[in-house]
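Raw coords.csv, CSV, C-alpha atoms:
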```csv
chain,number,residue,atom,x,y,z
A,6,MET,CA,-22.1,27.2,71.9
A,7,ARG,CA,-19.6,24.8,70.4
A,8,ALA,CA,-20.8,22.8,67.4
A,9,SER,CA,-20.8,19.1,67.9
A,10,PRO,CA,-18.3,16.9,66.1
A,11,ARG,CA,-21.2,15.5,64.1
A,12,CYS,CA,-22.1,19.0,62.9
A,13,HIS,CA,-18.5,19.7,61.8
A,14,THR,CA,-18.4,16.4,59.9
A,15,PHE,CA,-21.6,17.3,58.1
A,16,MET,CA,-20.3,20.8,57.2
A,17,LEU,CA,-17.0,19.5,55.9
A,18,ALA,CA,-18.7,16.9,53.7
A,19,THR,CA,-20.9,19.6,52.3
A,20,VAL,CA,-18.0,21.8,51.4
A,21,LEU,CA,-15.9,19.0,49.9
A,22,SER,CA,-18.9,17.8,47.9
A,23,SER,CA,-19.5,21.3,46.5
A,24,VAL,CA,-15.8,21.8,45.7
A,25,SER,CA,-15.3,18.4,44.1
A,26,GLY,CA,-18.4,18.8,42.0
A,27,VAL,CA,-17.1,22.1,40.5
A,28,ALA,CA,-13.6,20.8,40.0
A,29,PHE,CA,-14.6,17.6,38.2
A,30,ALA,CA,-17.0,19.6,36.0
A,31,GLN,CA,-14.2,21.8,34.7
A,32,VAL,CA,-11.4,19.1,34.1
A,33,GLU,CA,-11.4,17.3,30.8
A,34,LEU,CA,-8.9,14.4,30.8
A,35,PRO,CA,-7.4,12.9,27.6
A,36,ARG,CA,-8.5,9.5,26.5
A,37,ALA,CA,-6.0,6.7,27.2
A,38,VAL,CA,-6.6,5.5,23.6
A,39,PRO,CA,-7.4,8.5,21.4
A,40,ALA,CA,-9.5,8.1,18.3
A,41,ALA,CA,-8.3,9.1,14.8
A,42,LYS,CA,-9.7,9.8,11.4
A,43,LEU,CA,-7.8,9.6,8.1
A,44,THR,CA,-9.1,10.5,4.6
A,45,GLN,CA,-7.2,10.3,1.3
A,46,GLN,CA,-8.3,11.0,-2.3
A,47,VAL,CA,-6.8,8.5,-4.7
A,48,GLY,CA,-7.7,9.4,-8.3
A,49,LEU,CA,-11.5,9.8,-8.1
A,50,THR,CA,-11.9,7.6,-5.0
A,51,GLU,CA,-11.9,8.7,-1.4
A,52,VAL,CA,-10.6,6.3,1.2
A,53,ALA,CA,-11.5,7.0,4.8
A,54,LEU,CA,-10.6,5.3,8.1
A,55,ASP,CA,-11.8,5.6,11.7
A,56,TYR,CA,-9.5,3.9,14.2
A,57,GLU,CA,-7.9,4.0,17.6
A,58,CYS,CA,-4.3,4.8,18.6
A,59,PRO,CA,-3.1,2.7,21.5
A,60,ALA,CA,0.4,3.4,22.9
A,61,VAL,CA,3.3,1.0,23.4
A,62,LYS,CA,3.9,2.2,27.0
A,63,GLY,CA,6.9,0.0,27.4
A,64,ARG,CA,5.0,-3.2,26.6
A,65,LYS,CA,6.0,-6.0,24.2
A,66,ILE,CA,3.6,-5.4,21.3
A,67,TRP,CA,4.2,-8.1,18.6
A,68,GLY,CA,3.7,-11.5,20.1
A,69,GLY,CA,2.6,-9.9,23.4
A,70,VAL,CA,-0.1,-7.3,23.4
A,71,VAL,CA,-0.9,-8.5,19.9
A,72,PRO,CA,-0.6,-12.3,19.9
A,73,PHE,CA,0.7,-14.0,16.8
A,74,GLY,CA,-1.8,-16.1,14.9
A,75,ASP,CA,-4.9,-14.5,16.4
A,76,VAL,CA,-7.5,-12.2,14.8
A,77,TRP,CA,-6.7,-8.6,15.7
A,78,THR,CA,-9.1,-5.8,15.4
A,79,ILE,CA,-6.2,-3.4,14.8
A,80,GLY,CA,-6.4,-1.2,17.9
A,81,SER,CA,-7.4,-1.9,21.5
A,82,GLY,CA,-11.2,-1.9,20.9
A,83,PRO,CA,-13.6,-2.2,18.0
A,84,ALA,CA,-12.2,-3.1,14.6
A,85,THR,CA,-11.0,-0.3,12.4
A,86,ARG,CA,-13.6,1.1,10.0
A,87,ILE,CA,-12.6,1.7,6.4
A,88,LYS,CA,-14.8,3.3,3.7
A,89,PHE,CA,-14.4,3.5,-0.1
A,90,SER,CA,-16.4,6.1,-2.1
A,91,LYS,CA,-16.0,4.0,-5.3
A,92,ASP,CA,-15.0,0.4,-6.1
A,93,VAL,CA,-11.4,-0.5,-5.2
A,94,THR,CA,-9.2,-3.6,-5.8
A,95,VAL,CA,-7.5,-5.3,-2.8
A,96,GLY,CA,-5.2,-8.1,-3.9
A,97,ASP,CA,-7.2,-9.9,-6.5
A,98,ARG,CA,-10.6,-9.0,-5.2
A,99,VAL,CA,-12.8,-6.1,-6.2
A,100,VAL,CA,-14.3,-4.4,-3.2
A,101,PRO,CA,-17.5,-2.5,-4.0
A,102,ALA,CA,-17.9,1.1,-2.7
A,103,GLY,CA,-19.1,1.0,0.9
A,104,SER,CA,-18.1,0.8,4.5
A,105,TYR,CA,-16.2,-2.2,5.9
A,106,TRP,CA,-14.2,-3.5,8.9
A,107,LEU,CA,-10.4,-3.9,8.7
A,108,LEU,CA,-8.8,-6.7,10.6
A,109,ALA,CA,-5.6,-8.7,10.6
A,110,ILE,CA,-4.0,-12.0,11.7
A,111,PRO,CA,-0.3,-11.1,12.4
A,112,THR,CA,2.6,-13.6,12.5
A,113,LYS,CA,6.3,-13.0,12.7
A,114,THR,CA,6.8,-13.2,8.9
A,115,THR,CA,3.4,-12.7,7.3
A,116,TRP,CA,0.2,-10.9,8.0
A,117,THR,CA,-3.2,-11.7,6.6
A,118,VAL,CA,-5.3,-8.6,6.3
A,119,MET,CA,-9.1,-8.9,6.0
A,120,ILE,CA,-11.8,-6.5,4.8
A,121,ASN,CA,-15.1,-7.7,6.3
A,122,LYS,CA,-18.6,-6.6,5.5
A,123,SER,CA,-20.3,-7.5,8.8
A,124,PRO,CA,-23.5,-5.4,9.2
A,125,ASP,CA,-22.8,-5.3,13.0
A,126,ALA,CA,-19.9,-3.8,14.7
A,127,ILE,CA,-16.9,-6.1,15.3
A,128,ALA,CA,-16.1,-5.1,18.9
A,129,ALA,CA,-13.8,-8.0,19.5
A,130,ALA,CA,-12.2,-10.9,17.7
A,131,ARG,CA,-15.0,-13.2,18.8
A,132,ASP,CA,-17.4,-11.1,16.7
A,133,TYR,CA,-15.4,-11.8,13.5
A,134,LYS,CA,-17.1,-14.0,10.9
A,135,PRO,CA,-14.6,-15.0,8.1
A,136,GLU,CA,-17.4,-15.9,5.7
A,137,LEU,CA,-18.2,-12.2,5.5
A,138,ASP,CA,-14.8,-11.3,4.2
A,139,VAL,CA,-14.9,-9.5,0.9
A,140,ALA,CA,-11.1,-9.5,0.5
A,141,ARG,CA,-8.1,-11.1,2.1
A,142,ILE,CA,-4.5,-10.3,1.3
A,143,LYS,CA,-1.1,-11.5,2.6
A,144,VAL,CA,1.5,-8.8,3.3
A,145,SER,CA,5.0,-8.9,4.9
A,146,PRO,CA,5.8,-6.6,7.9
A,147,LYS,CA,8.9,-4.4,7.6
A,148,PRO,CA,11.0,-2.8,10.2
A,149,THR,CA,10.6,1.0,10.6
A,150,THR,CA,11.4,3.8,13.0
A,151,ARG,CA,9.8,3.3,16.4
A,152,ARG,CA,6.4,4.8,16.7
A,153,GLU,CA,4.8,5.1,20.2
A,154,ARG,CA,1.2,5.2,19.0
A,155,LEU,CA,-0.5,3.1,16.3
A,156,LEU,CA,-0.8,5.2,13.1
A,157,PHE,CA,-2.3,4.8,9.6
A,158,THR,CA,-0.8,6.8,6.7
A,159,PHE,CA,-0.9,6.7,2.9
A,160,SER,CA,2.1,6.5,0.7
A,161,GLU,CA,3.0,6.0,-3.0
A,162,ILE,CA,-0.2,7.8,-4.1
A,163,THR,CA,-0.9,8.0,-7.8
A,164,ASP,CA,-4.1,8.4,-9.8
A,165,ASP,CA,-4.4,4.6,-9.9
A,166,ARG,CA,-3.1,3.3,-6.6
A,167,ALA,CA,-1.9,3.9,-3.1
A,168,SER,CA,-0.4,2.1,-0.2
A,169,LEU,CA,-2.3,2.1,3.1
A,170,ASP,CA,0.5,1.8,5.8
A,171,LEU,CA,0.0,0.7,9.4
A,172,GLU,CA,2.9,1.6,11.8
A,173,TRP,CA,3.2,0.7,15.4
A,174,ASP,CA,6.2,0.1,17.6
A,175,THR,CA,9.0,-0.8,15.2
A,176,LEU,CA,6.9,-2.5,12.4
A,177,ARG,CA,5.2,-1.2,9.3
A,178,VAL,CA,2.6,-3.2,7.2
A,179,SER,CA,1.6,-1.8,3.8
A,180,ILE,CA,-1.7,-2.7,2.2
A,181,PRO,CA,-1.9,-2.0,-1.6
A,182,LEU,CA,-5.1,-0.4,-2.9
A,183,GLN,CA,-5.8,-0.1,-6.6
A,184,VAL,CA,-8.6,2.2,-7.9
A,185,ASN,CA,-10.3,2.4,-11.2
A,186,THR,CA,-9.6,5.9,-12.3
A,187,THR,CA,-9.0,5.2,-15.9
A,188,GLN,CA,-12.3,3.3,-16.3
A,189,GLN,CA,-14.1,6.0,-14.4
A,190,VAL,CA,-12.7,8.7,-16.6
A,191,LEU,CA,-13.5,6.8,-19.8
A,192,ALA,CA,-17.0,6.3,-18.6
A,193,SER,CA,-17.3,10.0,-18.0
A,194,ILE,CA,-15.9,10.7,-21.5
A,195,ASN,CA,-18.6,8.4,-23.0
A,196,GLY,CA,-21.2,10.6,-21.3
A,197,LEU,CA,-19.8,14.0,-22.5
A,198,ASP,CA,-22.3,16.8,-22.3
A,199,GLY,CA,-21.4,18.1,-25.8
A,200,THR,CA,-19.6,21.3,-24.7
A,201,TRP,CA,-16.2,22.2,-26.2
A,202,ARG,CA,-14.5,22.1,-22.8
A,203,SER,CA,-15.7,18.6,-22.2
A,204,PHE,CA,-14.2,17.4,-25.5
A,205,ALA,CA,-11.0,19.4,-24.8
A,206,ASN,CA,-10.6,17.8,-21.4
A,207,ALA,CA,-11.2,14.3,-22.8
A,208,ALA,CA,-8.5,15.0,-25.5
A,209,ARG,CA,-6.1,16.2,-22.9
A,210,TYR,CA,-6.7,13.1,-20.8
A,211,MET,CA,-5.9,10.9,-23.8
A,212,LEU,CA,-2.8,13.0,-24.5
A,213,GLU,CA,-1.3,12.9,-21.0
A,214,THR,CA,-2.5,9.8,-19.3
A,215,LYS,CA,-3.5,7.2,-21.9
A,216,LYS,CA,-1.1,8.3,-24.7
A,217,ASP,CA,-3.9,7.5,-27.1
A,218,TYR,CA,-3.2,10.3,-29.6
A,219,ASP,CA,-5.7,9.1,-32.2
A,220,ALA,CA,-8.6,9.1,-29.7
A,221,GLY,CA,-7.4,12.5,-28.5
A,222,LEU,CA,-7.4,13.9,-32.0
A,223,LYS,CA,-11.0,12.8,-32.4
A,224,TYR,CA,-12.1,14.6,-29.2
A,225,ILE,CA,-10.1,17.8,-30.0
A,226,ASP,CA,-11.6,18.0,-33.5
A,227,GLN,CA,-15.0,17.8,-31.9
A,228,ALA,CA,-14.0,20.6,-29.5
A,229,LEU,CA,-12.7,22.7,-32.4
A,230,SER,CA,-15.9,22.2,-34.3
A,231,LEU,CA,-17.8,23.8,-31.4
A,232,LYS,CA,-15.3,26.6,-30.7
A,233,ASP,CA,-12.2,27.9,-32.5
A,234,ASP,CA,-10.3,28.1,-29.2
A,235,TRP,CA,-6.5,28.6,-28.9
A,236,TYR,CA,-6.4,26.1,-26.0
A,237,CYS,CA,-7.9,23.5,-28.3
A,238,MET,CA,-5.4,24.4,-31.0
A,239,TRP,CA,-2.5,23.9,-28.6
A,240,ILE,CA,-3.8,20.5,-27.5
A,241,LYS,CA,-4.2,19.4,-31.1
A,242,GLY,CA,-0.6,20.5,-31.7
A,243,ALA,CA,0.6,18.5,-28.7
A,244,LEU,CA,-1.3,15.4,-29.9
A,245,LEU,CA,0.2,15.7,-33.4
A,246,ALA,CA,3.7,16.0,-31.8
A,247,GLY,CA,3.0,12.9,-29.8
A,248,LYS,CA,2.4,11.1,-33.1
A,249,GLY,CA,5.7,12.5,-34.4
A,250,ASP,CA,4.1,14.9,-36.9
A,251,PHE,CA,6.1,17.9,-35.7
A,252,GLY,CA,5.4,20.0,-38.8
A,253,SER,CA,1.7,19.9,-38.3
A,254,ALA,CA,2.1,20.3,-34.6
A,255,ARG,CA,4.1,23.5,-35.2
A,256,ASP,CA,1.4,24.8,-37.5
A,257,TRP,CA,-1.4,24.3,-35.0
A,258,ALA,CA,0.8,25.9,-32.2
A,259,VAL,CA,1.2,29.0,-34.5
A,260,LYS,CA,-2.5,29.1,-35.0
A,261,ALA,CA,-3.0,28.9,-31.2
A,262,ARG,CA,-0.6,31.8,-30.7
A,263,GLU,CA,-2.3,34.0,-33.2
A,264,ARG,CA,-5.8,33.2,-31.8
A,265,GLU,CA,-4.5,33.9,-28.3
A,266,GLN,CA,-3.2,37.3,-29.5
A,267,GLN,CA,-6.6,38.1,-31.0
A,268,VAL,CA,-8.4,37.2,-27.8
A,269,GLY,CA,-5.8,38.7,-25.5
A,270,ASN,CA,-6.2,36.6,-22.3
A,271,GLY,CA,-3.1,34.4,-22.3
A,272,ALA,CA,-0.2,36.8,-23.1
A,273,ALA,CA,1.6,35.8,-19.8
A,274,LEU,CA,2.1,32.3,-21.2
A,275,GLU,CA,3.0,33.3,-24.8
A,276,ALA,CA,6.7,32.7,-24.1
A,277,ASP,CA,6.0,29.1,-23.3
A,278,LEU,CA,4.0,28.7,-26.5
A,279,ASN,CA,6.9,30.3,-28.5
A,280,LYS,CA,9.2,27.7,-27.0
A,281,ALA,CA,7.0,24.9,-28.1
A,282,ILE,CA,6.8,26.4,-31.6
A,283,ALA,CA,10.6,26.7,-31.8
A,284,GLU,CA,11.1,23.1,-30.6
A,285,TRP,CA,8.6,21.6,-33.0
A,286,THR,CA,10.0,23.7,-35.9
A,287,ARG,CA,13.4,22.3,-35.1
A,288,ARG,CA,12.2,18.8,-35.0
A,289,SER,CA,10.2,19.1,-38.1
A,290,GLY,CA,13.2,20.2,-40.1
A,291,ARG,CA,11.1,22.8,-41.9
A,292,PRO,CA,11.6,26.5,-41.5
A,293,LEU,CA,8.7,28.5,-40.2
A,294,LYS,CA,6.8,30.4,-42.9
A,295,GLU,CA,4.5,33.3,-42.7
A,296,SER,CA,1.1,31.7,-41.8
A,297,GLN,CA,-2.2,32.7,-43.3
A,298,PRO,CA,-4.0,35.2,-41.0
A,299,LEU,CA,-6.8,33.7,-39.0
A,300,ALA,CA,-10.4,34.9,-39.7
A,301,LYS,CA,-11.4,38.0,-37.8
A,302,LEU,CA,-13.2,37.2,-34.6
A,303,PRO,CA,-16.7,38.4,-34.1
A,304,ASP,CA,-17.0,41.7,-32.2
A,305,ASP,CA,-18.2,40.0,-29.0
A,306,VAL,CA,-15.0,38.0,-28.7
A,307,ALA,CA,-12.6,40.5,-30.2
A,308,LYS,CA,-9.5,41.7,-28.3
A,309,PRO,CA,-10.5,44.0,-25.5
A,310,SER,CA,-9.8,47.7,-25.8
A,311,ALA,CA,-7.2,49.5,-23.8
A,312,GLY,CA,-8.2,49.9,-20.2
A,313,ALA,CA,-10.7,47.1,-20.3
A,314,GLU,CA,-10.5,44.2,-17.9
A,315,PRO,CA,-8.8,41.1,-19.4
A,316,ALA,CA,-11.0,38.3,-20.4
A,317,PRO,CA,-11.4,36.0,-17.4
A,318,THR,CA,-10.0,32.5,-17.5
A,319,SER,CA,-12.4,29.6,-17.0
A,320,THR,CA,-13.6,28.9,-13.5
A,321,SER,CA,-14.8,25.4,-14.4
A,322,ALA,CA,-13.2,22.5,-12.5
A,323,PRO,CA,-10.0,21.0,-13.9
A,324,PRO,CA,-10.2,17.7,-15.7
A,325,PRO,CA,-10.7,14.8,-13.2
A,326,PHE,CA,-7.4,13.2,-14.1
A,327,GLN,CA,-5.5,16.4,-13.2
A,328,ALA,CA,-3.7,16.8,-9.9
A,329,ALA,CA,-4.5,20.0,-8.1
A,330,SER,CA,-0.8,21.1,-8.4
A,331,ASP,CA,-1.0,20.7,-12.2
A,332,ARG,CA,-4.2,22.6,-13.0
A,333,GLN,CA,-2.4,25.0,-15.3
A,334,ALA,CA,-0.1,22.6,-17.0
A,335,ALA,CA,-0.1,22.7,-20.8
A,336,PRO,CA,-0.4,19.6,-22.9
A,337,THR,CA,2.8,17.7,-23.0
A,338,VAL,CA,4.3,15.4,-25.6
A,339,PRO,CA,6.8,12.6,-25.3
A,340,SER,CA,10.4,13.4,-26.3
A,341,ASP,CA,13.7,11.7,-26.4
A,342,ASP,CA,16.6,13.9,-27.6
A,343,PRO,CA,16.7,16.6,-26.4
A,344,PRO,CA,13.8,16.5,-24.0
A,345,ILE,CA,11.0,19.0,-24.7
A,346,ARG,CA,10.4,21.2,-21.7
A,347,ARG,CA,6.8,21.1,-20.6
A,348,ALA,CA,5.0,24.2,-21.6
A,349,ARG,CA,2.6,25.8,-19.2
A,350,LEU,CA,-0.8,26.7,-20.6
A,351,ARG,CA,-3.4,28.6,-18.6
A,352,ARG,CA,-6.7,26.7,-18.4
A,353,ARG,CA,-9.4,28.4,-20.4
```
Can you dump the structure from the file as structure tokens?
Amino acid sequence: MRASPRCHTFMLATVLSSVSGVAFAQVELPRAVPAAKLTQQVGLTEVALDYECPAVKGRKIWGGVVPFGDVWTIGSGPATRIKFSKDVTVGDRVVPAGSYWLLAIPTKTTWTVMINKSPDAIAAARDYKPELDVARIKVSPKPTTRRERLLFTFSEITDDRASLDLEWDTLRVSIPLQVNTTQQVLASINGLDGTWRSFANAARYMLETKKDYDAGLKYIDQALSLKDDWYCMWIKGALLAGKGDFGSARDWAVKAREREQQVGNGAALEADLNKAIAEWTRRSGRPLKESQPLAKLPDDVAKPSAGAEPAPTSTSAPPPFQAASDRQAAPTVPSDDPPIRRARLRRR
């Protein structure tokens, strides 16, 4: 018996429904406007963004998709979210640590960038309340290499500042951010836990970042009073060299070398210490004399016997002011003629 046309139609619909259900369940399509996240550490402050990346797609962006003179949520949907782990300065305004909305009013020659503290999501320009702005800054757009999708990047990053750059189509807008690394480090120094490493790290910060050699000497003397360590001796030598007292600097570097030889866990860097001693001897104008031997170390810290494992270096975190790429850098001192090569000193 032949099936009726109605039966055939029912069977075909059942098969298509089953096939289409399986097919659509397995296919994942990309979003037309993908989401993006960006995080950057600036000094001790983390800056994070959540935003969308619309594409040009052959359209006129500036003065077209993004009208001049209107509030723009920076994207094609909700306003860009920006978060600061610590207080930052934008323009002349201090922005407390927290989460905010980032918006802009573009024109042909100048953009006004706003950081807004609205407790509710700013889904469109109509949701923007200017009275909730915590900072406003005017910046000038610059031409750049064409970029199909909107992108945020960071540039000119130091311990104290960074530039947050927005790029789309053929324009770049840079938003300067300033952080308070120095104040934060100094506050941390004021709350030192009383260990020799804390004082040594504070001294090194004063040496390399603040160039406050007197304050550095105060901290390193406190460190030396707690532990007669060769790392501390080297920092003290560098601080004295920074003050121009190369004779005393050389003497402390010699003490550091002798102590390191007793302890025996920094021989790989002894050549760098020797270079510092030679340079400071030359600049002092005084020949190097035989120094008084240092006091014998207690047995528990004496030089290890043959075959024993070398004393481990410190596993504590590097000083907050240090970049990750410079965690083993030795104290440095200013120099004019000839330049002193930076010695490399393993962190204890």
Would you list the contacts of Lys113 in chain A as a compact mmCIF listing (two decimals) with C-alpha atoms, in the coordinates of the input, taking every protein, DNA or RNA residue within 9 Å and counting all atoms listed in the file, but skipping same-chain residues closer than 2 positions in sequence?
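Okay, this is what ended up in part_16.txt:
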```txt
# COMPACT_ATOMS: atom_id res chain seq x y z
CA TRP A 67 4.20 -8.10 18.60
CA GLY A 68 3.70 -11.50 20.10
CA PHE A 73 0.70 -14.00 16.80
CA GLY A 74 -1.80 -16.10 14.90
CA PRO A 111 -0.30 -11.10 12.40
CA THR A 115 3.40 -12.70 7.30
CA TRP A 116 0.20 -10.90 8.00
CA SER A 145 5.00 -8.90 4.90
CA PRO A 146 5.80 -6.60 7.90
```
Any idea what's packed within 10 Å of Arg166 in chain A, counting all atoms listed in the file, ignoring anything in its chain fewer than 6 positions away? Could you give it as a PDB file with C-alpha atoms, keeping the file's coordinate frame?
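The new file around14.pdb reads:
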```pdb
ATOM      1  CA  VAL A  47      -6.800   8.500  -4.700  1.00  0.00           C
ATOM      2  CA  GLY A  48      -7.700   9.400  -8.300  1.00  0.00           C
ATOM      3  CA  THR A  50     -11.900   7.600  -5.000  1.00  0.00           C
ATOM      4  CA  VAL A  93     -11.400  -0.500  -5.200  1.00  0.00           C
ATOM      5  CA  THR A  94      -9.200  -3.600  -5.800  1.00  0.00           C
ATOM      6  CA  SER A 160       2.100   6.500   0.700  1.00  0.00           C
ATOM      7  CA  PRO A 181      -1.900  -2.000  -1.600  1.00  0.00           C
ATOM      8  CA  LEU A 182      -5.100  -0.400  -2.900  1.00  0.00           C
ATOM      9  CA  GLN A 183      -5.800  -0.100  -6.600  1.00  0.00           C
ATOM     10  CA  VAL A 184      -8.600   2.200  -7.900  1.00  0.00           C
ATOM     11  CA  ASN A 185     -10.300   2.400 -11.200  1.00  0.00           C
ATOM     12  CA  THR A 186      -9.600   5.900 -12.300  1.00  0.00           C
TER      13      THR A 186
END
```
Rounded to one decimal in Å, what is the spacing between CA of Ala276 in chain A and CA of Gly290 in chain A?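 Distance reported for this atom pair: 21.3 Å.
The interatomic distance for the pair CA of Leu212 in chain A and CA of Ser289 in chain A works out to 19.8 Å.
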Could you tell me how far CA of Tyr218 in chain A sits from CA of Gln266 in chain A, in Å to one decimal place?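 Result for CA of Gln266 in chain A versus CA of Tyr218 in chain A: 27.0 Å, one decimal.
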My list of candidates is A:Asp97, A:Asp125, A:Glu57, A:Asp164. Which is closest to Gln45 in chain A when distances are computed with all atoms listed in the file? A:Asp164
If you count only C-alpha atoms, which residues fall within 12 Å of range 81-87 of chain A, apart from same-chain ones fewer than 3 positions away, as number ranges by chain? A: 37-45, 51-61, 66, 70-71, 76-78, 90, 93, 100, 102-109, 118-133, 154-157, 169, 171
Take range 63-80 of chain A, model N, CA and C atoms, and hand the result over as a PDB file, in the frame of the given file.
```pdb
ATOM      1  N   GLY A  63       5.918   0.878  26.906  1.00  0.00           N
ATOM      2  CA  GLY A  63       6.900   0.000  27.400  1.00  0.00           C
ATOM      3  C   GLY A  63       6.590  -1.506  27.279  1.00  0.00           C
ATOM      4  N   ARG A  64       5.465  -1.820  26.657  1.00  0.00           N
ATOM      5  CA  ARG A  64       5.000  -3.200  26.600  1.00  0.00           C
ATOM      6  C   ARG A  64       5.622  -3.894  25.327  1.00  0.00           C
ATOM      7  N   LYS A  65       5.629  -5.210  25.338  1.00  0.00           N
ATOM      8  CA  LYS A  65       6.000  -6.000  24.200  1.00  0.00           C
ATOM      9  C   LYS A  65       4.706  -6.064  23.297  1.00  0.00           C
ATOM     10  N   ILE A  66       4.753  -5.471  22.105  1.00  0.00           N
ATOM     11  CA  ILE A  66       3.600  -5.400  21.300  1.00  0.00           C
ATOM     12  C   ILE A  66       3.379  -6.668  20.450  1.00  0.00           C
ATOM     13  N   TRP A  67       4.322  -6.956  19.582  1.00  0.00           N
ATOM     14  CA  TRP A  67       4.200  -8.100  18.600  1.00  0.00           C
ATOM     15  C   TRP A  67       4.540  -9.391  19.316  1.00  0.00           C
ATOM     16  N   GLY A  68       3.560 -10.274  19.378  1.00  0.00           N
ATOM     17  CA  GLY A  68       3.700 -11.500  20.100  1.00  0.00           C
ATOM     18  C   GLY A  68       3.440 -11.360  21.586  1.00  0.00           C
ATOM     19  N   GLY A  69       2.990 -10.160  21.996  1.00  0.00           N
ATOM     20  CA  GLY A  69       2.600  -9.900  23.400  1.00  0.00           C
ATOM     21  C   GLY A  69       1.250  -9.317  23.466  1.00  0.00           C
ATOM     22  N   VAL A  70       1.167  -7.965  23.428  1.00  0.00           N
ATOM     23  CA  VAL A  70      -0.100  -7.300  23.400  1.00  0.00           C
ATOM     24  C   VAL A  70      -0.955  -7.789  22.222  1.00  0.00           C
ATOM     25  N   VAL A  71      -0.285  -7.959  21.090  1.00  0.00           N
ATOM     26  CA  VAL A  71      -0.900  -8.500  19.900  1.00  0.00           C
ATOM     27  C   VAL A  71      -0.374  -9.894  19.651  1.00  0.00           C
ATOM     28  N   PRO A  72      -1.089 -10.929  20.054  1.00  0.00           N
ATOM     29  CA  PRO A  72      -0.600 -12.300  19.900  1.00  0.00           C
ATOM     30  C   PRO A  72      -0.458 -12.694  18.439  1.00  0.00           C
ATOM     31  N   PHE A  73       0.558 -13.457  18.147  1.00  0.00           N
ATOM     32  CA  PHE A  73       0.700 -14.000  16.800  1.00  0.00           C
ATOM     33  C   PHE A  73      -0.304 -15.085  16.543  1.00  0.00           C
ATOM     34  N   GLY A  74      -0.857 -15.078  15.316  1.00  0.00           N
ATOM     35  CA  GLY A  74      -1.800 -16.100  14.900  1.00  0.00           C
ATOM     36  C   GLY A  74      -3.214 -15.914  15.292  1.00  0.00           C
ATOM     37  N   ASP A  75      -3.522 -14.826  16.016  1.00  0.00           N
ATOM     38  CA  ASP A  75      -4.900 -14.500  16.400  1.00  0.00           C
ATOM     39  C   ASP A  75      -5.470 -13.390  15.600  1.00  0.00           C
ATOM     40  N   VAL A  76      -6.803 -13.357  15.507  1.00  0.00           N
ATOM     41  CA  VAL A  76      -7.500 -12.200  14.800  1.00  0.00           C
ATOM     42  C   VAL A  76      -7.296 -10.985  15.693  1.00  0.00           C
ATOM     43  N   TRP A  77      -6.883  -9.898  15.052  1.00  0.00           N
ATOM     44  CA  TRP A  77      -6.700  -8.600  15.700  1.00  0.00           C
ATOM     45  C   TRP A  77      -7.562  -7.569  15.108  1.00  0.00           C
ATOM     46  N   THR A  78      -8.236  -6.789  15.944  1.00  0.00           N
ATOM     47  CA  THR A  78      -9.100  -5.800  15.400  1.00  0.00           C
ATOM     48  C   THR A  78      -8.398  -4.473  15.047  1.00  0.00           C
ATOM     49  N   ILE A  79      -7.085  -4.489  15.122  1.00  0.00           N
ATOM     50  CA  ILE A  79      -6.200  -3.400  14.800  1.00  0.00           C
ATOM     51  C   ILE A  79      -6.560  -2.158  15.661  1.00  0.00           C
ATOM     52  N   GLY A  80      -6.118  -2.253  16.884  1.00  0.00           N
ATOM     53  CA  GLY A  80      -6.400  -1.200  17.900  1.00  0.00           C
ATOM     54  C   GLY A  80      -6.553  -1.953  19.224  1.00  0.00           C
TER      55      GLY A  80
END
```
